[in-house]
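Novice: Here you go, protein_6.cif (mmCIF, C-alpha atoms):
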data_run
loop_
_atom_site.group_PDB
_atom_site.id
_atom_site.type_symbol
_atom_site.label_atom_id
_atom_site.label_comp_id
_atom_site.auth_asym_id
_atom_site.auth_seq_id
_atom_site.Cartn_x
_atom_site.Cartn_y
_atom_site.Cartn_z
ATOM 1 C CA MET A 1 -6.542 15.285 0.294
ATOM 2 C CA ARG A 2 -9.087 13.694 2.630
ATOM 3 C CA VAL A 3 -10.855 14.104 5.963
ATOM 4 C CA ILE A 4 -8.781 12.083 8.418
ATOM 5 C CA ALA A 5 -11.193 11.414 11.306
ATOM 6 C CA GLY A 6 -14.658 12.041 12.708
ATOM 7 C CA LYS A 7 -18.119 12.234 11.120
ATOM 8 C CA ALA A 8 -16.764 12.829 7.605
ATOM 9 C CA LYS A 9 -13.770 10.468 7.857
ATOM 10 C CA GLY A 10 -12.485 9.268 4.507
ATOM 11 C CA HIS A 11 -14.277 11.865 2.369
ATOM 12 C CA LYS A 12 -12.012 13.161 -0.366
ATOM 13 C CA LEU A 13 -11.778 16.937 -0.595
ATOM 14 C CA LYS A 14 -11.352 18.911 -3.781
ATOM 15 C CA THR A 15 -8.487 21.357 -4.041
ATOM 16 C CA ILE A 16 -7.627 24.067 -6.508
ATOM 17 C CA GLU A 17 -4.926 23.115 -8.959
ATOM 18 C CA GLY A 18 -1.892 25.340 -9.322
ATOM 19 C CA PHE A 19 0.069 27.493 -6.936
ATOM 20 C CA HIS A 20 -2.670 29.796 -5.611
ATOM 21 C CA THR A 21 -3.230 27.558 -2.582
ATOM 22 C CA ARG A 22 -0.855 25.420 -0.557
ATOM 23 C CA PRO A 23 -2.870 22.741 1.261
ATOM 24 C CA THR A 24 -1.611 21.512 4.615
ATOM 25 C CA THR A 25 -0.282 18.000 4.082
ATOM 26 C CA ASP A 26 -2.245 15.095 5.554
ATOM 27 C CA ARG A 27 0.706 14.228 7.798
ATOM 28 C CA ILE A 28 0.898 17.722 9.322
ATOM 29 C CA LYS A 29 -2.888 17.934 9.530
ATOM 30 C CA GLU A 30 -3.086 14.604 11.358
ATOM 31 C CA THR A 31 -0.397 15.619 13.873
ATOM 32 C CA LEU A 32 -2.038 19.005 14.436
ATOM 33 C CA PHE A 33 -5.478 17.523 15.053
ATOM 34 C CA ASN A 34 -4.072 14.892 17.394
ATOM 35 C CA MET A 35 -2.595 17.773 19.415
ATOM 36 C CA ILE A 36 -5.880 19.715 19.629
ATOM 37 C CA ALA A 37 -8.314 16.779 19.710
ATOM 38 C CA PHE A 38 -9.545 17.350 23.271
ATOM 39 C CA ASP A 39 -10.297 21.032 22.595
ATOM 40 C CA LEU A 40 -12.456 20.448 19.495
ATOM 41 C CA PRO A 41 -15.795 19.143 20.834
ATOM 42 C CA GLN A 42 -18.314 21.999 20.839
ATOM 43 C CA CYS A 43 -15.643 24.636 20.113
ATOM 44 C CA GLN A 44 -16.026 27.742 17.992
ATOM 45 C CA PHE A 45 -13.370 27.443 15.248
ATOM 46 C CA LEU A 46 -12.134 30.182 12.899
ATOM 47 C CA ASP A 47 -10.267 29.146 9.742
ATOM 48 C CA LEU A 48 -8.497 32.161 8.198
ATOM 49 C CA PHE A 49 -7.063 32.003 4.658
ATOM 50 C CA SER A 50 -9.184 28.844 4.253
ATOM 51 C CA GLY A 51 -8.109 27.719 0.770
ATOM 52 C CA SER A 52 -10.021 24.470 0.157
ATOM 53 C CA GLY A 53 -11.471 24.508 3.680
ATOM 54 C CA ALA A 54 -9.679 21.296 4.670
ATOM 55 C CA ILE A 55 -8.638 22.496 8.151
ATOM 56 C CA GLY A 56 -12.058 23.846 9.133
ATOM 57 C CA ILE A 57 -13.800 20.782 7.688
ATOM 58 C CA GLU A 58 -11.502 18.519 9.714
ATOM 59 C CA ALA A 59 -12.389 20.541 12.836
ATOM 60 C CA LEU A 60 -16.123 20.162 12.112
ATOM 61 C CA SER A 61 -15.747 16.468 11.391
ATOM 62 C CA ARG A 62 -14.073 16.036 14.781
ATOM 63 C CA GLY A 63 -16.804 17.806 16.732
ATOM 64 C CA ALA A 64 -16.394 21.580 16.485
ATOM 65 C CA GLN A 65 -19.767 23.225 17.022
ATOM 66 C CA GLN A 66 -19.221 25.789 14.281
ATOM 67 C CA CYS A 67 -16.487 26.892 11.914
ATOM 68 C CA VAL A 68 -16.238 30.287 10.270
ATOM 69 C CA PHE A 69 -14.258 30.043 7.033
ATOM 70 C CA VAL A 70 -12.619 33.226 5.714
ATOM 71 C CA GLU A 71 -11.379 33.235 2.136
ATOM 72 C CA LYS A 72 -11.312 36.098 -0.366
ATOM 73 C CA SER A 73 -10.940 34.021 -3.557
ATOM 74 C CA LYS A 74 -14.269 33.335 -5.276
ATOM 75 C CA GLU A 75 -12.901 30.112 -6.771
ATOM 76 C CA SER A 76 -11.736 28.890 -3.341
ATOM 77 C CA CYS A 77 -15.099 29.791 -1.759
ATOM 78 C CA GLU A 78 -16.878 27.705 -4.391
ATOM 79 C CA MET A 79 -14.502 24.821 -3.565
ATOM 80 C CA ILE A 80 -15.186 25.193 0.189
ATOM 81 C CA THR A 81 -18.944 25.144 -0.481
ATOM 82 C CA GLU A 82 -18.599 21.974 -2.582
ATOM 83 C CA ASN A 83 -16.432 20.322 0.091
ATOM 84 C CA LEU A 84 -18.899 21.246 2.855
ATOM 85 C CA GLU A 85 -21.810 19.841 0.849
ATOM 86 C CA HIS A 86 -19.860 16.676 0.013
ATOM 87 C CA THR A 87 -19.042 16.088 3.705
ATOM 88 C CA LYS A 88 -22.574 17.105 4.799
ATOM 89 C CA LEU A 89 -21.165 19.650 7.247
ATOM 90 C CA GLN A 90 -22.553 22.840 5.687
ATOM 91 C CA GLN A 91 -25.093 23.424 8.487
ATOM 92 C CA TYR A 92 -22.197 23.967 10.931
ATOM 93 C CA ALA A 93 -20.318 26.398 8.689
ATOM 94 C CA VAL A 94 -20.295 30.108 7.966
ATOM 95 C CA LEU A 95 -18.358 31.149 4.869
ATOM 96 C CA LEU A 96 -17.149 34.742 4.545
ATOM 97 C CA GLN A 97 -15.854 35.642 1.100
ATOM 98 C CA LYS A 98 -13.830 38.606 2.283
ATOM 99 C CA ASP A 99 -10.339 39.847 2.826
ATOM 100 C CA VAL A 100 -9.155 38.624 6.253
ATOM 101 C CA GLU A 101 -8.886 42.121 7.743
ATOM 102 C CA GLU A 102 -12.415 42.993 6.579
ATOM 103 C CA ALA A 103 -13.698 39.675 7.949
ATOM 104 C CA LEU A 104 -12.036 40.236 11.341
ATOM 105 C CA SER A 105 -13.654 43.661 11.562
ATOM 106 C CA SER A 106 -17.043 42.119 10.719
ATOM 107 C CA LEU A 107 -16.591 39.387 13.356
ATOM 108 C CA LYS A 108 -15.657 42.058 15.911
ATOM 109 C CA SER A 109 -18.862 43.989 15.186
ATOM 110 C CA GLN A 110 -20.819 40.735 15.716
ATOM 111 C CA GLN A 111 -18.945 40.248 19.037
ATOM 112 C CA LYS A 112 -17.794 36.774 17.978
ATOM 113 C CA LYS A 113 -15.236 34.919 20.087
ATOM 114 C CA PHE A 114 -13.408 31.738 19.150
ATOM 115 C CA ASP A 115 -11.827 28.853 21.030
ATOM 116 C CA ILE A 116 -9.374 28.005 18.239
ATOM 117 C CA ILE A 117 -8.231 30.262 15.406
ATOM 118 C CA PHE A 118 -6.189 28.692 12.603
ATOM 119 C CA LEU A 119 -4.246 30.847 10.180
ATOM 120 C CA ASP A 120 -2.128 29.825 7.252
ATOM 121 C CA PRO A 121 -1.511 33.013 5.256
ATOM 122 C CA PRO A 122 0.497 33.008 2.042
ATOM 123 C CA TYR A 123 4.000 32.366 3.346
ATOM 124 C CA GLN A 124 5.730 35.448 1.953
ATOM 125 C CA SER A 125 2.835 37.833 2.616
ATOM 126 C CA GLY A 126 4.004 39.012 6.049
ATOM 127 C CA LEU A 127 0.366 39.126 7.164
ATOM 128 C CA ALA A 128 0.462 36.755 10.143
ATOM 129 C CA GLU A 129 1.704 39.160 12.818
ATOM 130 C CA ASP A 130 -0.761 41.887 11.775
ATOM 131 C CA VAL A 131 -3.641 39.402 11.712
ATOM 132 C CA CYS A 132 -2.707 38.076 15.164
ATOM 133 C CA SER A 133 -2.488 41.634 16.507
ATOM 134 C CA LYS A 134 -5.980 42.379 15.145
ATOM 135 C CA ILE A 135 -7.328 39.192 16.756
ATOM 136 C CA VAL A 136 -6.047 40.431 20.134
ATOM 137 C CA GLU A 137 -7.155 44.044 19.576
ATOM 138 C CA TYR A 138 -10.667 42.987 18.503
ATOM 139 C CA GLY A 139 -11.063 40.480 21.355
ATOM 140 C CA LEU A 140 -11.855 37.583 18.998
ATOM 141 C CA LEU A 141 -10.045 34.922 21.041
ATOM 142 C CA LYS A 142 -11.681 33.474 24.150
ATOM 143 C CA GLN A 143 -9.575 33.739 27.310
ATOM 144 C CA GLN A 144 -8.730 30.014 27.296
ATOM 145 C CA GLY A 145 -8.526 29.836 23.496
ATOM 146 C CA TYR A 146 -5.480 29.774 21.245
ATOM 147 C CA ILE A 147 -4.219 30.579 17.770
ATOM 148 C CA VAL A 148 -2.587 27.956 15.556
ATOM 149 C CA TRP A 149 -0.276 29.564 12.995
ATOM 150 C CA GLU A 150 1.186 27.516 10.149
ATOM 151 C CA ARG A 151 4.225 29.033 8.477
ATOM 152 C CA SER A 152 7.293 28.168 6.456
ATOM 153 C CA ALA A 153 10.319 27.074 8.472
ATOM 154 C CA GLN A 154 12.167 29.842 6.583
ATOM 155 C CA ILE A 155 10.018 32.569 8.207
ATOM 156 C CA GLN A 156 11.117 33.786 11.626
ATOM 157 C CA ARG A 157 8.408 34.334 14.219
ATOM 158 C CA LYS A 158 8.265 37.808 15.727
ATOM 159 C CA GLU A 159 6.859 38.639 19.144
ATOM 160 C CA ILE A 160 3.224 39.728 19.013
ATOM 161 C CA CYS A 161 1.944 42.090 21.684
ATOM 162 C CA GLY A 162 -0.725 40.411 23.807
ATOM 163 C CA LEU A 163 0.222 36.840 22.834
ATOM 164 C CA ASN A 164 2.607 34.254 24.246
ATOM 165 C CA MET A 165 3.983 31.268 22.385
ATOM 166 C CA VAL A 166 2.698 28.135 24.127
ATOM 167 C CA LYS A 167 4.396 25.521 21.949
ATOM 168 C CA GLU A 168 5.881 25.014 18.534
ATOM 169 C CA LYS A 169 6.137 21.933 16.329
ATOM 170 C CA ASN A 170 8.840 21.914 13.653
ATOM 171 C CA TYR A 171 8.643 19.862 10.480
ATOM 172 C CA LYS A 172 11.233 19.937 7.720
ATOM 173 C CA THR A 173 9.687 22.817 5.788
ATOM 174 C CA THR A 174 6.774 23.866 8.018
ATOM 175 C CA VAL A 175 6.350 25.170 11.566
ATOM 176 C CA ILE A 176 3.126 25.081 13.593
ATOM 177 C CA THR A 177 3.063 27.670 16.400
ATOM 178 C CA PHE A 178 0.489 27.810 19.193
ATOM 179 C CA LEU A 179 -0.188 31.269 20.642
ATOM 180 C CA ALA A 180 -2.345 32.154 23.657
ATOM 181 C CA LEU A 181 -3.398 35.405 25.270
ATOM 182 C CA GLU A 182 -0.946 36.841 27.774
ATOM 183 C CA GLU A 183 -2.028 36.572 31.386
ATOM 184 C CA LYS A 184 -3.234 39.946 32.590
ATOM 185 C CA GLU A 185 -1.791 41.297 35.829
ATOM 186 C CA ILE A 186 -4.352 42.357 38.432
#
Show how you would write the structure in this file as structure tokens.
Specialist:
Amino acid sequence: MRVIAGKAKGHKLKTIEGFHTRPTTDRIKETLFNMIAFDLPQCQFLDLFSGSGAIGIEALSRGAQQCVFVEKSKESCEMITENLEHTKLQQYAVLLQKDVEEALSSLKSQQKKFDIIFLDPPYQSGLAEDVCSKIVEYGLLKQQGYIVWERSAQIQRKEICGLNMVKEKNYKTTVITFLALEEKEI
């Protein structure tokens, strides 16, 4: 796995061996970042269920102002730290070694708001809808921001109160869904 473009282009990233993480493939990552390229400069990026940190590091490499990485695994957090140091992007990163729900609560208390929130929870965990609902409830997404949710093509997307699907990109085994805040009626 490598950084595809930007300041850290070409840097190889370390990943954890085994089945505890499921890194986004370079092909999907490249397509995703081509889709969001114009929104990255100076954005506030939140990478939930960070794994190796590859998505957040790619966002930083392409101009995000800051990325908050959320990962509960100690081993994965050590890997993210190594990858940030290797790419020389650590000064733009905040790493929270916490459960996602605990981290969202902490970010709410700090009144943080993000332009882009990426989440790639363990596919069979059923966490995505609850996490998205918390993001809306806690006001963590800027009005013009959006959520990017990576999931297995086998998992059906449910409606999430307060969010609209903006677009969806289907791959053979993976689906990338873009969600934005519903327009409020005045």
Novice: As JSON, please: the centre and edge lengths in Å, to one decimal, of an axis-aligned box enclosing every listed atom of segment 129-148 of chain A with 5 Å added on each side.
Specialist:
{"center_x": -5.1, "center_y": 36.0, "center_z": 19.5, "size_x": 23.6, "size_y": 26.1, "size_z": 25.6}
Novice: What lies within 10 Å of Ser109 of chain A using all atoms listed in the file, ignoring chain neighbours under 5 positions off, as a VMD selection string?
Specialist: chain A and resid 103 to 104 138
Novice: Write the residues you've just listed into a file as a PDB file, in the coordinates of the input, and include C-alpha atoms for each of them.
Specialist:
ATOM      1  CA  ALA A 103     -13.698  39.675   7.949  1.00  0.00           C
ATOM      2  CA  LEU A 104     -12.036  40.236  11.341  1.00  0.00           C
ATOM      3  CA  TYR A 138     -10.667  42.987  18.503  1.00  0.00           C
TER       4      TYR A 138
END
Novice: Between A:Glu183, A:Glu168, A:Asp130, A:Glu82, which one has atoms that come closest to Ile16 of chain A, using all atoms listed in the file?
Specialist: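 Counting all atoms listed in the file, the residue closest to Ile16 of chain A is A:Glu82.
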Novice: Calculate how many Å separate atom CA of Thr87 of chain A from atom CA of Cys43 of chain A, rounding to one decimal.
Specialist: 18.8 Å
Novice: What lies within 9 Å of Phe69 of chain A using all atoms listed in the file, ignoring chain neighbours under 4 positions off, as a ChimeraX atom specification?
Specialist: /A:45-50,53,56,77,80,93-97
Novice: Using only C-alpha atoms, pick whichever of A:Glu102, A:Glu129, A:Glu58, A:Glu78 has the shortest atom-to-atom distance to Thr15 of chain A.
Specialist: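 Using only C-alpha atoms, the shortest distance to Thr15 of chain A belongs to A:Glu78.
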Novice: Within 12 Å of segment 177-182 of chain A, which residues of segment 73-142 of chain A show up? Give each one with its shortest atom-to-atom distance in Å (one decimal) and the two atoms involved, counting all atoms listed in the file, rows by chain then rising residue number, as a Markdown table.
Specialist:
| residue | atom | partner | partner_atom | distance |
| --- | --- | --- | --- | --- |
| A:Phe114 | CA | A:Ala180 | CA | 12.0 |
| A:Asp115 | CA | A:Ala180 | CA | 10.4 |
| A:Ile116 | CA | A:Ala180 | CA | 9.8 |
| A:Ile117 | CA | A:Leu179 | CA | 9.6 |
| A:Phe118 | CA | A:Phe178 | CA | 9.4 |
| A:Leu119 | CA | A:Thr177 | CA | 10.1 |
| A:Asp120 | CA | A:Thr177 | CA | 10.7 |
| A:Ala128 | CA | A:Thr177 | CA | 11.3 |
| A:Glu129 | CA | A:Leu179 | CA | 11.3 |
| A:Cys132 | CA | A:Leu179 | CA | 9.1 |
| A:Ser133 | CA | A:Leu181 | CA | 10.8 |
| A:Ile135 | CA | A:Leu181 | CA | 10.1 |
| A:Val136 | CA | A:Leu181 | CA | 7.7 |
| A:Glu137 | CA | A:Leu181 | CA | 11.0 |
| A:Gly139 | CA | A:Leu181 | CA | 10.0 |
| A:Leu140 | CA | A:Leu181 | CA | 10.8 |
| A:Leu141 | CA | A:Leu181 | CA | 7.9 |
| A:Lys142 | CA | A:Leu181 | CA | 8.6 |
Novice: Got a sec: who's within 9 Å of Ala5 of chain A, counting only C-alpha atoms, leaving out chain neighbours fewer than 3 positions off, as a list in words?
Specialist: Ala8, Lys9, Gly10, Glu30, Glu58, Ser61 and Arg62 of chain A
Novice: Atoms to include: C-alpha atoms. Write the selected residues as a CSV table (one decimal), keeping the file's coordinate frame.
Specialist:
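See again_1.csv below for the written result:
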chain,number,residue,atom,x,y,z
A,8,ALA,CA,-16.8,12.8,7.6
A,9,LYS,CA,-13.8,10.5,7.9
A,10,GLY,CA,-12.5,9.3,4.5
A,30,GLU,CA,-3.1,14.6,11.4
A,58,GLU,CA,-11.5,18.5,9.7
A,61,SER,CA,-15.7,16.5,11.4
A,62,ARG,CA,-14.1,16.0,14.8
Novice: Please determine, counting all atoms listed in the file, which residue among A:Ser105, A:Gln111, A:Ser76, A:Gln143 has the shortest atom-to-atom distance to Val131 of chain A.
Specialist: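 Closest to Val131 of chain A, using all atoms listed in the file: A:Ser105.
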